[in-house]
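Trainee: So here's start09.csv, just CSV, C-alpha atoms:
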```csv
chain,number,residue,atom,x,y,z
A,1,MET,CA,-5.3,0.9,-13.6
A,2,LEU,CA,-7.0,0.5,-10.2
A,3,ASP,CA,-7.0,3.8,-8.3
A,4,VAL,CA,-8.1,3.9,-4.7
A,5,SER,CA,-8.3,7.4,-3.1
A,6,LYS,CA,-8.8,8.3,0.6
A,7,LEU,CA,-11.0,5.3,1.5
A,8,SER,CA,-12.4,5.4,5.1
A,9,VAL,CA,-14.9,3.2,6.9
A,10,ARG,CA,-16.1,2.7,10.4
A,11,PHE,CA,-17.8,-0.2,12.1
A,12,GLY,CA,-19.5,1.5,15.1
A,13,GLU,CA,-16.8,3.1,17.1
A,14,LEU,CA,-14.0,1.2,15.3
A,15,LYS,CA,-12.2,3.1,12.5
A,16,ALA,CA,-11.4,0.2,10.3
A,17,LEU,CA,-9.8,2.3,7.5
A,18,ASP,CA,-8.5,5.8,7.6
A,19,ARG,CA,-8.0,7.6,4.3
A,20,VAL,CA,-6.3,4.7,2.5
A,21,SER,CA,-4.9,5.5,-1.0
A,22,PHE,CA,-3.0,3.4,-3.5
A,23,ALA,CA,-2.8,2.5,-7.2
A,24,VAL,CA,-2.1,-0.7,-9.1
A,25,ASP,CA,-1.1,-0.8,-12.8
A,26,PRO,CA,-2.6,-3.4,-15.1
A,27,ASP,CA,0.4,-5.7,-15.2
A,28,LYS,CA,1.5,-5.3,-11.6
A,29,ILE,CA,1.0,-6.9,-8.3
A,30,LEU,CA,0.4,-4.9,-5.1
A,31,ALA,CA,1.1,-6.9,-2.0
A,32,ILE,CA,-0.7,-5.7,1.2
A,33,THR,CA,0.8,-6.8,4.5
A,34,GLY,CA,0.1,-6.0,8.1
A,35,PRO,CA,-0.8,-7.7,11.4
A,36,SER,CA,-4.1,-9.4,12.1
A,37,GLY,CA,-6.9,-6.8,12.3
A,38,ALA,CA,-4.9,-4.2,10.4
A,39,GLY,CA,-7.6,-3.6,7.7
A,40,LYS,CA,-6.4,-5.9,4.9
A,41,THR,CA,-9.7,-7.8,4.4
A,42,THR,CA,-11.7,-4.6,4.8
A,43,ILE,CA,-9.9,-3.2,1.8
A,44,PHE,CA,-10.9,-6.3,-0.2
A,45,GLN,CA,-14.5,-6.1,1.0
A,46,LEU,CA,-14.7,-2.5,-0.3
A,47,LEU,CA,-13.0,-3.3,-3.6
A,48,SER,CA,-15.4,-6.2,-4.2
A,49,GLY,CA,-18.5,-4.2,-3.2
A,50,LEU,CA,-19.4,-6.4,-0.2
A,51,ILE,CA,-19.4,-3.2,1.9
A,52,SER,CA,-19.4,0.5,1.0
A,53,PRO,CA,-17.0,3.2,2.3
A,54,ASP,CA,-18.0,6.2,4.4
A,55,SER,CA,-15.8,8.3,2.2
A,56,GLY,CA,-13.3,8.0,-0.6
A,57,GLN,CA,-13.3,6.7,-4.2
A,58,ILE,CA,-12.5,3.5,-6.1
A,59,SER,CA,-11.9,3.7,-9.8
A,60,LEU,CA,-11.0,1.0,-12.3
A,61,GLY,CA,-9.9,2.3,-15.6
A,62,HIS,CA,-12.3,5.2,-16.3
A,63,GLU,CA,-15.1,3.7,-14.3
A,64,ASP,CA,-16.1,4.9,-10.8
A,65,MET,CA,-17.1,1.8,-9.0
A,66,THR,CA,-17.2,3.1,-5.4
A,67,PHE,CA,-20.8,2.2,-5.0
A,68,LEU,CA,-21.3,-0.2,-7.9
A,69,GLU,CA,-23.0,-3.5,-7.0
A,70,SER,CA,-20.7,-6.5,-6.7
A,71,LYS,CA,-22.3,-8.4,-9.6
A,72,HIS,CA,-21.4,-5.6,-12.0
A,73,ARG,CA,-17.7,-5.3,-11.0
A,74,ASN,CA,-16.3,-8.4,-12.7
A,75,ILE,CA,-13.7,-9.0,-9.9
A,76,ALA,CA,-12.2,-12.3,-9.1
A,77,TYR,CA,-12.0,-12.7,-5.3
A,78,MET,CA,-10.3,-15.6,-3.5
A,79,PHE,CA,-11.7,-15.5,0.0
A,80,GLU,CA,-9.5,-16.4,3.0
A,81,SER,CA,-12.3,-18.8,4.0
A,82,TYR,CA,-12.2,-20.5,0.6
A,83,ALA,CA,-16.1,-20.3,0.1
A,84,LEU,CA,-16.3,-23.6,-1.8
A,85,TYR,CA,-19.6,-25.1,-2.8
A,86,PRO,CA,-20.0,-28.2,-0.6
A,87,HIS,CA,-22.2,-30.0,-3.1
A,88,LEU,CA,-19.9,-29.6,-6.1
A,89,THR,CA,-16.8,-31.6,-6.9
A,90,VAL,CA,-13.4,-30.0,-7.2
A,91,PHE,CA,-13.7,-29.8,-11.0
A,92,GLU,CA,-17.2,-28.3,-10.7
A,93,ASN,CA,-16.1,-25.7,-8.1
A,94,ILE,CA,-13.3,-24.5,-10.3
A,95,ALA,CA,-15.4,-24.5,-13.5
A,96,SER,CA,-18.3,-22.6,-11.8
A,97,PRO,CA,-17.2,-19.1,-12.7
A,98,LEU,CA,-16.9,-20.0,-16.4
A,99,LYS,CA,-20.5,-21.2,-16.3
A,100,SER,CA,-21.9,-18.0,-14.8
A,101,PRO,CA,-23.9,-15.5,-16.7
A,102,LEU,CA,-20.8,-13.3,-16.9
A,103,TYR,CA,-19.1,-15.8,-19.2
A,104,GLN,CA,-22.2,-17.1,-20.8
A,105,ASP,CA,-21.6,-18.6,-24.3
A,106,LYS,CA,-17.9,-17.6,-24.1
A,107,TYR,CA,-16.7,-21.1,-23.1
A,108,GLN,CA,-17.6,-24.5,-24.6
A,109,ASN,CA,-17.4,-27.5,-22.4
A,110,ILE,CA,-14.1,-28.6,-24.0
A,111,LYS,CA,-12.5,-25.3,-23.3
A,112,ILE,CA,-13.7,-25.3,-19.7
A,113,GLU,CA,-12.2,-28.8,-19.2
A,114,GLU,CA,-8.9,-27.6,-20.7
A,115,ALA,CA,-8.8,-24.5,-18.5
A,116,VAL,CA,-9.6,-26.5,-15.3
A,117,LYS,CA,-7.0,-29.1,-16.0
A,118,ASN,CA,-4.4,-26.4,-16.6
A,119,VAL,CA,-4.9,-24.8,-13.2
A,120,LEU,CA,-5.2,-28.2,-11.4
A,121,SER,CA,-1.8,-29.1,-12.9
A,122,LEU,CA,-0.3,-25.8,-11.8
A,123,THR,CA,-1.4,-26.4,-8.2
A,124,GLU,CA,-0.6,-30.1,-8.1
A,125,MET,CA,-4.3,-31.1,-7.7
A,126,SER,CA,-4.8,-33.1,-10.9
A,127,ASP,CA,-5.8,-36.3,-9.0
A,128,PHE,CA,-8.5,-34.6,-6.9
A,129,GLU,CA,-11.0,-33.3,-9.5
A,130,GLU,CA,-13.7,-35.7,-8.6
A,131,ARG,CA,-13.6,-35.2,-4.8
A,132,PHE,CA,-15.9,-33.0,-2.8
A,133,PRO,CA,-14.7,-30.3,-0.4
A,134,SER,CA,-15.5,-32.4,2.6
A,135,GLU,CA,-12.9,-35.0,1.4
A,136,LEU,CA,-10.1,-32.4,1.2
A,137,SER,CA,-7.5,-31.1,3.7
A,138,GLY,CA,-7.3,-27.4,4.5
A,139,GLY,CA,-4.4,-26.9,2.1
A,140,GLN,CA,-6.2,-28.8,-0.7
A,141,LYS,CA,-9.3,-26.6,-0.2
A,142,GLN,CA,-7.1,-23.5,-0.5
A,143,ARG,CA,-5.7,-24.7,-3.7
A,144,VAL,CA,-9.2,-25.3,-5.1
A,145,ALA,CA,-10.1,-21.8,-4.2
A,146,LEU,CA,-7.0,-20.5,-5.8
A,147,CYS,CA,-7.7,-22.5,-9.0
A,148,ARG,CA,-11.2,-21.0,-9.1
A,149,LEU,CA,-9.7,-17.5,-9.0
A,150,LEU,CA,-6.9,-18.2,-11.6
A,151,ILE,CA,-9.3,-19.6,-14.2
A,152,GLN,CA,-11.2,-16.3,-14.5
A,153,LYS,CA,-10.6,-13.3,-16.7
A,154,PRO,CA,-11.8,-10.4,-14.6
A,155,LYS,CA,-10.9,-6.7,-14.4
A,156,LEU,CA,-9.2,-7.1,-11.0
A,157,PHE,CA,-7.8,-10.1,-9.0
A,158,LEU,CA,-8.0,-10.1,-5.2
A,159,LEU,CA,-6.1,-12.9,-3.4
A,160,ASP,CA,-6.7,-13.0,0.4
A,161,GLU,CA,-3.9,-15.1,1.9
A,162,PRO,CA,-3.8,-17.5,-1.1
A,163,ILE,CA,-1.1,-19.8,0.0
A,164,SER,CA,-1.1,-19.5,3.8
A,165,HIS,CA,-2.1,-23.2,4.5
A,166,LEU,CA,0.2,-24.8,2.0
A,167,ASP,CA,3.4,-26.7,3.0
A,168,ALA,CA,6.7,-24.8,2.7
A,169,LYS,CA,7.9,-26.4,-0.5
A,170,LEU,CA,4.6,-25.8,-2.3
A,171,ARG,CA,4.3,-22.3,-0.9
A,172,HIS,CA,7.7,-21.5,-2.4
A,173,LYS,CA,6.7,-22.9,-5.8
A,174,MET,CA,3.3,-21.2,-5.9
A,175,ARG,CA,4.7,-17.7,-5.0
A,176,GLY,CA,6.8,-17.8,-8.2
A,177,GLU,CA,4.2,-19.5,-10.4
A,178,ILE,CA,1.3,-17.3,-9.5
A,179,ARG,CA,3.4,-14.1,-9.9
A,180,ARG,CA,4.6,-15.3,-13.3
A,181,ARG,CA,1.0,-16.0,-14.3
A,182,GLN,CA,-0.5,-12.8,-13.0
A,183,ILE,CA,1.9,-10.3,-14.6
A,184,LYS,CA,1.0,-11.8,-18.0
A,185,THR,CA,-2.7,-11.2,-17.5
A,186,GLY,CA,-2.6,-7.4,-18.0
A,187,VAL,CA,-4.9,-7.0,-15.1
A,188,PRO,CA,-4.2,-5.5,-11.7
A,189,THR,CA,-3.6,-8.0,-8.9
A,190,ILE,CA,-3.7,-7.4,-5.1
A,191,TRP,CA,-2.2,-10.1,-2.9
A,192,CYS,CA,-3.0,-9.8,0.8
A,193,THR,CA,-0.9,-11.6,3.5
A,194,PRO,CA,0.2,-11.1,7.1
A,195,ASP,CA,3.6,-12.6,6.1
A,196,ALA,CA,5.7,-9.6,5.2
A,197,LEU,CA,8.4,-11.7,3.6
A,198,GLU,CA,5.8,-13.2,1.3
A,199,ALA,CA,4.6,-9.7,0.4
A,200,LEU,CA,8.2,-8.7,-0.5
A,201,SER,CA,8.6,-11.8,-2.7
A,202,VAL,CA,5.4,-11.4,-4.8
A,203,GLY,CA,4.7,-7.7,-4.9
A,204,ASP,CA,6.0,-5.1,-7.4
A,205,THR,CA,4.9,-2.7,-4.8
A,206,VAL,CA,4.3,-3.4,-1.1
A,207,LEU,CA,1.8,-1.6,1.1
A,208,VAL,CA,2.2,-1.9,4.9
A,209,ILE,CA,-1.0,-1.2,6.9
A,210,ASP,CA,-1.6,-1.2,10.6
A,211,GLN,CA,-4.7,-0.1,12.6
A,212,GLY,CA,-6.4,0.9,9.3
A,213,THR,CA,-3.7,3.4,8.3
A,214,VAL,CA,-1.2,3.0,5.5
A,215,GLN,CA,2.3,3.0,7.2
A,216,GLN,CA,4.4,2.8,4.0
A,217,ILE,CA,4.1,2.1,0.3
A,218,GLY,CA,7.2,1.3,-1.8
A,219,THR,CA,9.2,-1.3,-3.7
A,220,PRO,CA,10.2,-4.4,-1.7
A,221,SER,CA,13.8,-3.0,-1.4
A,222,GLU,CA,12.5,0.3,-0.1
A,223,ILE,CA,10.3,-1.4,2.5
A,224,PHE,CA,13.1,-3.7,3.7
A,225,LEU,CA,16.0,-1.3,3.6
A,226,ASN,CA,14.3,2.0,4.6
A,227,PRO,CA,11.4,1.4,7.0
A,228,VAL,CA,9.7,4.8,7.7
A,229,ASN,CA,8.8,3.8,11.3
A,230,THR,CA,9.2,1.2,14.0
A,231,THR,CA,5.8,-0.4,13.0
A,232,VAL,CA,7.3,-1.3,9.6
A,233,ALA,CA,10.7,-2.2,11.0
A,234,LYS,CA,9.2,-4.7,13.5
A,235,LEU,CA,7.1,-6.3,10.8
A,236,VAL,CA,9.6,-6.8,7.9
A,237,GLY,CA,12.6,-9.0,8.0
A,238,ASP,CA,13.8,-12.5,8.7
A,239,PRO,CA,13.8,-11.9,11.6
A,240,PRO,CA,12.6,-8.3,11.8
A,241,MET,CA,14.8,-5.4,13.0
A,242,ASN,CA,15.6,-5.3,16.8
A,243,ILE,CA,14.5,-2.0,18.4
A,244,VAL,CA,16.6,-0.9,21.5
A,245,GLU,CA,15.9,2.2,23.6
A,246,GLY,CA,18.8,4.3,24.8
A,247,TYR,CA,20.9,7.5,24.5
A,248,PHE,CA,24.2,8.7,23.2
A,249,LYS,CA,27.0,10.0,25.4
A,250,ARG,CA,30.4,11.4,24.5
A,251,SER,CA,33.6,11.0,26.7
A,252,GLY,CA,36.7,12.6,25.2
A,253,SER,CA,37.0,11.2,21.7
A,254,SER,CA,34.7,8.3,22.4
A,255,THR,CA,31.0,8.1,21.8
A,256,ALA,CA,28.8,5.3,23.1
A,257,PHE,CA,25.1,4.3,23.0
A,258,PHE,CA,23.8,3.5,26.5
A,259,SER,CA,20.8,1.1,27.0
A,260,GLY,CA,20.1,0.4,30.6
A,261,SER,CA,23.3,-0.9,32.1
A,262,LYS,CA,24.8,-1.9,28.7
A,263,VAL,CA,27.1,0.2,26.6
A,264,LEU,CA,27.7,0.1,22.8
A,265,ASN,CA,30.9,1.9,21.9
A,266,LEU,CA,30.7,3.4,18.4
A,267,ASN,CA,33.4,2.9,15.8
A,268,SER,CA,34.7,5.8,13.6
A,269,ASN,CA,32.1,5.2,10.8
A,270,GLN,CA,29.2,5.0,13.2
A,271,LYS,CA,30.4,8.2,15.0
A,272,ASN,CA,30.6,10.1,11.6
A,273,ASN,CA,27.2,8.8,10.8
A,274,LEU,CA,25.9,10.1,14.1
A,275,LYS,CA,27.4,13.6,13.5
A,276,GLU,CA,25.5,13.8,10.1
A,277,MET,CA,22.2,13.1,11.9
A,278,ASN,CA,22.8,16.0,14.3
A,279,LEU,CA,21.4,14.2,17.3
A,280,GLU,CA,21.1,15.4,20.9
A,281,LEU,CA,23.4,13.8,23.4
A,282,GLY,CA,21.6,12.4,26.4
A,283,LYS,CA,18.2,12.4,24.6
A,284,LYS,CA,16.5,9.0,24.4
A,285,TYR,CA,16.2,7.4,20.9
A,286,LEU,CA,15.3,4.0,19.5
A,287,LEU,CA,18.2,2.3,17.8
A,288,GLY,CA,17.3,-0.2,15.0
A,289,LEU,CA,19.6,-3.2,14.9
A,290,ARG,CA,19.3,-5.7,12.0
A,291,PRO,CA,19.9,-9.3,13.0
A,292,THR,CA,22.3,-9.7,10.1
A,293,GLU,CA,24.3,-6.7,11.3
A,294,LEU,CA,24.9,-8.3,14.7
A,295,ALA,CA,27.4,-11.0,15.7
A,296,VAL,CA,28.0,-13.1,18.8
A,297,CYS,CA,31.4,-13.2,20.4
A,298,SER,CA,32.9,-14.4,23.7
A,299,VAL,CA,32.5,-12.3,26.8
A,300,GLY,CA,36.2,-11.8,27.0
A,301,SER,CA,36.5,-10.4,23.5
A,302,LYS,CA,37.6,-6.7,23.3
A,303,LYS,CA,35.1,-6.3,20.4
A,304,LYS,CA,32.0,-6.9,22.5
A,305,ALA,CA,29.3,-4.3,22.6
A,306,PHE,CA,26.5,-5.6,24.8
A,307,VAL,CA,26.7,-8.6,27.1
A,308,GLY,CA,23.7,-10.8,27.7
A,309,LYS,CA,22.6,-14.4,28.1
A,310,ALA,CA,21.6,-16.7,25.3
A,311,TYR,CA,17.8,-17.1,25.7
A,312,THR,CA,17.0,-19.4,22.7
A,313,ILE,CA,18.9,-20.9,19.8
A,314,GLU,CA,17.0,-21.8,16.6
A,315,THR,CA,19.1,-23.8,14.0
A,316,PHE,CA,18.0,-23.7,10.3
A,317,GLY,CA,20.9,-25.5,8.8
A,318,LYS,CA,22.8,-22.8,6.9
A,319,TYR,CA,22.1,-20.3,9.6
A,320,SER,CA,20.9,-20.0,13.2
A,321,ILE,CA,18.8,-17.4,15.1
A,322,VAL,CA,20.3,-16.6,18.5
A,323,THR,CA,18.1,-14.6,20.9
A,324,VAL,CA,20.0,-12.8,23.6
A,325,THR,CA,18.4,-11.2,26.6
A,326,PHE,CA,19.8,-8.2,28.6
A,327,ASP,CA,18.1,-5.7,30.9
A,328,GLU,CA,14.7,-7.1,29.9
A,329,GLU,CA,15.5,-6.5,26.2
A,330,PHE,CA,15.5,-9.3,23.7
A,331,VAL,CA,17.8,-9.1,20.6
A,332,LYS,CA,17.8,-11.6,17.7
A,333,ILE,CA,21.0,-12.3,15.9
A,334,LYS,CA,21.3,-14.2,12.6
A,335,VAL,CA,24.6,-16.1,12.6
A,336,THR,CA,25.9,-18.2,9.6
A,337,VAL,CA,28.5,-20.2,11.5
A,338,ASN,CA,28.0,-23.0,14.1
A,339,LEU,CA,28.8,-21.5,17.5
A,340,PRO,CA,29.3,-23.6,20.6
A,341,ILE,CA,26.7,-21.6,22.5
A,342,LYS,CA,24.4,-23.0,25.2
A,343,ILE,CA,21.1,-21.5,26.5
A,344,GLY,CA,21.9,-19.4,29.6
A,345,GLN,CA,25.5,-18.8,28.6
A,346,GLU,CA,26.8,-15.3,28.7
A,347,VAL,CA,27.7,-13.9,25.3
A,348,GLY,CA,28.8,-10.6,23.8
A,349,ILE,CA,27.1,-8.8,20.9
A,350,THR,CA,28.9,-6.7,18.3
A,351,ILE,CA,27.4,-4.5,15.6
A,352,SER,CA,28.9,-4.1,12.2
A,353,ALA,CA,26.5,-1.6,10.7
A,354,THR,CA,28.2,1.5,9.2
A,355,LYS,CA,24.9,3.4,8.9
A,356,LEU,CA,22.9,3.6,12.1
A,357,THR,CA,19.1,3.4,11.9
A,358,LEU,CA,17.4,5.6,14.6
A,359,PHE,CA,13.8,6.3,15.3
A,360,ASP,CA,12.1,9.0,17.4
A,361,ARG,CA,11.2,7.6,20.8
A,362,ASP,CA,7.8,9.3,20.9
A,363,THR,CA,6.5,9.0,17.3
A,364,GLY,CA,8.4,5.9,16.2
A,365,SER,CA,9.3,7.7,12.9
A,366,VAL,CA,12.7,7.1,11.3
A,367,LEU,CA,15.2,9.9,11.7
A,368,LYS,CA,16.6,11.0,8.3
A,369,HIS,CA,20.4,11.1,7.6
```
Using structure tokens, write down the structure that the file contains.

Mentor:
Amino acid sequence: MLDVSKLSVRFGELKALDRVSFAVDPDKILAITGPSGAGKTTIFQLLSGLISPDSGQISLGHEDMTFLESKHRNIAYMFESYALYPHLTVFENIASPLKSPLYQDKYQNIKIEEAVKNVLSLTEMSDFEERFPSELSGGQKQRVALCRLLIQKPKLFLLDEPISHLDAKLRHKMRGEIRRRQIKTGVPTIWCTPDALEALSVGDTVLVIDQGTVQQIGTPSEIFLNPVNTTVAKLVGDPPMNIVEGYFKRSGSSTAFFSGSKVLNLNSNQKNNLKEMNLELGKKYLLGLRPTELAVCSVGSKKKAFVGKAYTIETFGKYSIVTVTFDEEFVKIKVTVNLPIKIGQEVGITISATKLTLFDRDTGSVLKH
């Protein structure tokens, strides 16, 4: 098992990582996701020994490798930049790890050829083995780098954005194929990607990081359904959760959420949920609205909550994403029916969620039910 404990590192005045901890079991995949500059690649550099931490510990099995030299770690690292040898063919690039001193005398030429052809077939690169990197597209280079990683038998696999430059169809295929292959190795795997949905699809556990700090660690379901703060909520989803600022006000038996000049009247289930949370009326909160829990209706409908204008409409065949703007807020709605909506048209927004997701306005932390 890989065990990482309280890793911290600075680059001058920049705190790149702050007490980062996680563990990965031998047959599991940890997916790390976060925005650009969050600290994902820094974690990989520490794990591979390219840089050393200011504090913390890295253990693999019973071995402390916090300050162990890279050449003694036996880690397979797929770099985001590919790091291919320009003077070697595709076949030679992929085979190069098996010809290193680490695997000396363990592989005969015929076994190397068999292993290379296997990963070339997996990544649909069988017709490119005699080409040089300069003759390949970006996506093809990425697949060569991926093949070079998959062919190895290390103690730890590190995949830094391994499929980011592949076309959508191949990306979908490779997510499943790589996951299936890696969980059979009996070796910990870490998959790094800025695409939160990709992280959810490949990871047994997902770690969300931002500004060098771990925001949340959990199963894909936990991360998606129960974000611990607005940072995670805004990152995860298709599209991510909408965050609207406002306050609650009661008038007789009615309770409503006010955001600017817009009013969302709560139904009985939502009101009961609100009572359970023991919130202060009049105090400002952040309300999380999932795009799938929202619907678009005509302005004259009695069921309408907020009224705004259609800002953009993105059609994906089986569903559409409608972005509605009101009071300088933008809300995305995922609709599964074709609606006769035009950009600039006034529309109503209704919310079907029984359970309200609310965050503290100052800290961004989720409020527990």

Trainee: Could you tell me, as a list of chain:residue names, which residues have any atom at most 7 Å from (19.6, -16.3, 21.7), counting only C-alpha atoms?

Mentor: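 I get A:Ala310, A:Tyr311, A:Thr312, A:Ile313, A:Ile321, A:Val322, A:Thr323, A:Val324, A:Lys332 for the residues within 7 Å of that point.
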
Trainee: Next, dump the selected residues to file, keeping only C-alpha atoms, as an mmCIF file, in the frame of the given file.

Mentor:
```
data_model
loop_
_atom_site.group_PDB
_atom_site.id
_atom_site.type_symbol
_atom_site.label_atom_id
_atom_site.label_comp_id
_atom_site.auth_asym_id
_atom_site.auth_seq_id
_atom_site.Cartn_x
_atom_site.Cartn_y
_atom_site.Cartn_z
ATOM 1 C CA ALA A 310 21.600 -16.700 25.300
ATOM 2 C CA TYR A 311 17.800 -17.100 25.700
ATOM 3 C CA THR A 312 17.000 -19.400 22.700
ATOM 4 C CA ILE A 313 18.900 -20.900 19.800
ATOM 5 C CA ILE A 321 18.800 -17.400 15.100
ATOM 6 C CA VAL A 322 20.300 -16.600 18.500
ATOM 7 C CA THR A 323 18.100 -14.600 20.900
ATOM 8 C CA VAL A 324 20.000 -12.800 23.600
ATOM 9 C CA LYS A 332 17.800 -11.600 17.700
#
```

Trainee: For a test of reading the model, state the distance in Å between atom CA of Phe132 of chain A and atom CA of Val119 of chain A, rounded to one decimal.

Mentor: 17.2 Å

Trainee: Could you list, with a cut-off of 7 Å and counting only C-alpha atoms, the residues of segment 14-114 of chain A near segment 173-193 of chain A, each shown with its nearest atom pair and the distance in Å rounded to one decimal, rows sorted by chain and ascending number, as a Markdown table?

Mentor:
```
| residue | atom | partner | partner_atom | distance |
| --- | --- | --- | --- | --- |
| A:Val24 | CA | A:Pro188 | CA | 5.8 |
| A:Asp25 | CA | A:Pro188 | CA | 5.7 |
| A:Pro26 | CA | A:Val187 | CA | 4.3 |
| A:Asp27 | CA | A:Gly186 | CA | 4.4 |
| A:Lys28 | CA | A:Pro188 | CA | 5.7 |
| A:Ile29 | CA | A:Thr189 | CA | 4.8 |
| A:Leu30 | CA | A:Ile190 | CA | 4.8 |
| A:Ala31 | CA | A:Trp191 | CA | 4.7 |
| A:Ile32 | CA | A:Cys192 | CA | 4.7 |
| A:Thr33 | CA | A:Thr193 | CA | 5.2 |
| A:Lys40 | CA | A:Cys192 | CA | 6.6 |
```

Trainee: Calculate how many Å separate atom CA of Val331 of chain A from atom CA of Phe248 of chain A, rounding to one decimal.

Mentor: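 Pair atom CA of Val331 of chain A / atom CA of Phe248 of chain A returns 19.1 Å.
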
Trainee: Within 7 Å of (25.2, -7.7, 28.2) (coordinates as in the file), grab all the protein and nucleic acid residues, counting all atoms listed in the file, and write them out as a PyMOL selection string.

Mentor: chain A and resi 262+306-308+326+348

Trainee: Would you mind telling me which residue in A:Val335, A:Lys111, A:Lys271, A:Ala23 lies nearest to Gly218 of chain A when using only C-alpha atoms?

Mentor: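 Of the candidates, the smallest distance to Gly218 of chain A is held by A:Ala23.
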
Trainee: Rank nothing, just name the residue among A:Ile112, A:Val214, A:Leu279, A:Met78 nearest to Ala145 of chain A, using all atoms listed in the file.

Mentor: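 The closest residue to Ala145 of chain A is A:Met78.
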
Trainee: Atom CA of Glu198 of chain A and atom CA of Thr325 of chain A, how far apart in Å?

Mentor: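 Atom CA of Thr325 of chain A sits 28.3 Å away from atom CA of Glu198 of chain A.
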
Trainee: Which is closest to Leu17 of chain A among A:Glu129, A:Glu329, A:Asp160, A:Asp54, if we use only C-alpha atoms?

Mentor: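 Checking each of A:Glu129, A:Glu329, A:Asp160, A:Asp54 against Leu17 of chain A, counting only C-alpha atoms, the winner is A:Asp54.
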
Trainee: Could you give me, as a ChimeraX atom specification, the residues within 8 Å of segment 256-261 of chain A, counting only C-alpha atoms and dropping anything in the same chain fewer than 3 positions from it?

Mentor: /A:244-250,264-266,327

Trainee: Which residues come within 12 Å of Lys368 of chain A, counting all atoms listed in the file, excluding same-chain residues fewer than 6 positions away, as a VMD selection string?

Mentor: chain A and resid 226 to 229 273 to 274 276 to 279 355 to 360

Trainee: Using the atoms already present, construct all heavy atoms for segment 216-220 of chain A and hand them back as a compact mmCIF listing (two decimals), in the frame of the given file.

Mentor:
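Final output, saved to rebuild14.txt:
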```
# COMPACT_ATOMS: atom_id res chain seq x y z
N GLN A 216 3.40 2.61 5.05
CA GLN A 216 4.40 2.80 4.00
C GLN A 216 4.01 2.13 2.73
O GLN A 216 3.45 1.03 2.77
CB GLN A 216 5.79 2.34 4.49
CG GLN A 216 6.94 2.67 3.55
CD GLN A 216 8.30 2.32 4.15
OE1 GLN A 216 8.40 1.83 5.27
NE2 GLN A 216 9.36 2.56 3.40
N ILE A 217 4.28 2.75 1.60
CA ILE A 217 4.10 2.10 0.30
C ILE A 217 5.46 2.29 -0.45
O ILE A 217 6.03 3.39 -0.48
CB ILE A 217 3.01 2.77 -0.54
CG1 ILE A 217 1.66 2.67 0.16
CG2 ILE A 217 2.91 2.10 -1.92
CD1 ILE A 217 0.52 3.32 -0.60
N GLY A 218 5.96 1.22 -1.05
CA GLY A 218 7.20 1.30 -1.80
C GLY A 218 7.56 -0.01 -2.43
O GLY A 218 6.81 -0.99 -2.35
N THR A 219 8.70 -0.05 -3.09
CA THR A 219 9.20 -1.30 -3.70
C THR A 219 9.61 -2.22 -2.53
O THR A 219 9.85 -1.76 -1.40
CB THR A 219 10.39 -1.04 -4.58
OG1 THR A 219 11.47 -0.53 -3.79
CG2 THR A 219 10.05 -0.05 -5.69
N PRO A 220 9.73 -3.52 -2.78
CA PRO A 220 10.20 -4.40 -1.70
C PRO A 220 11.54 -3.97 -1.12
O PRO A 220 11.71 -4.05 0.10
CB PRO A 220 10.35 -5.76 -2.47
CG PRO A 220 9.31 -5.70 -3.53
CD PRO A 220 9.30 -4.26 -3.99
```
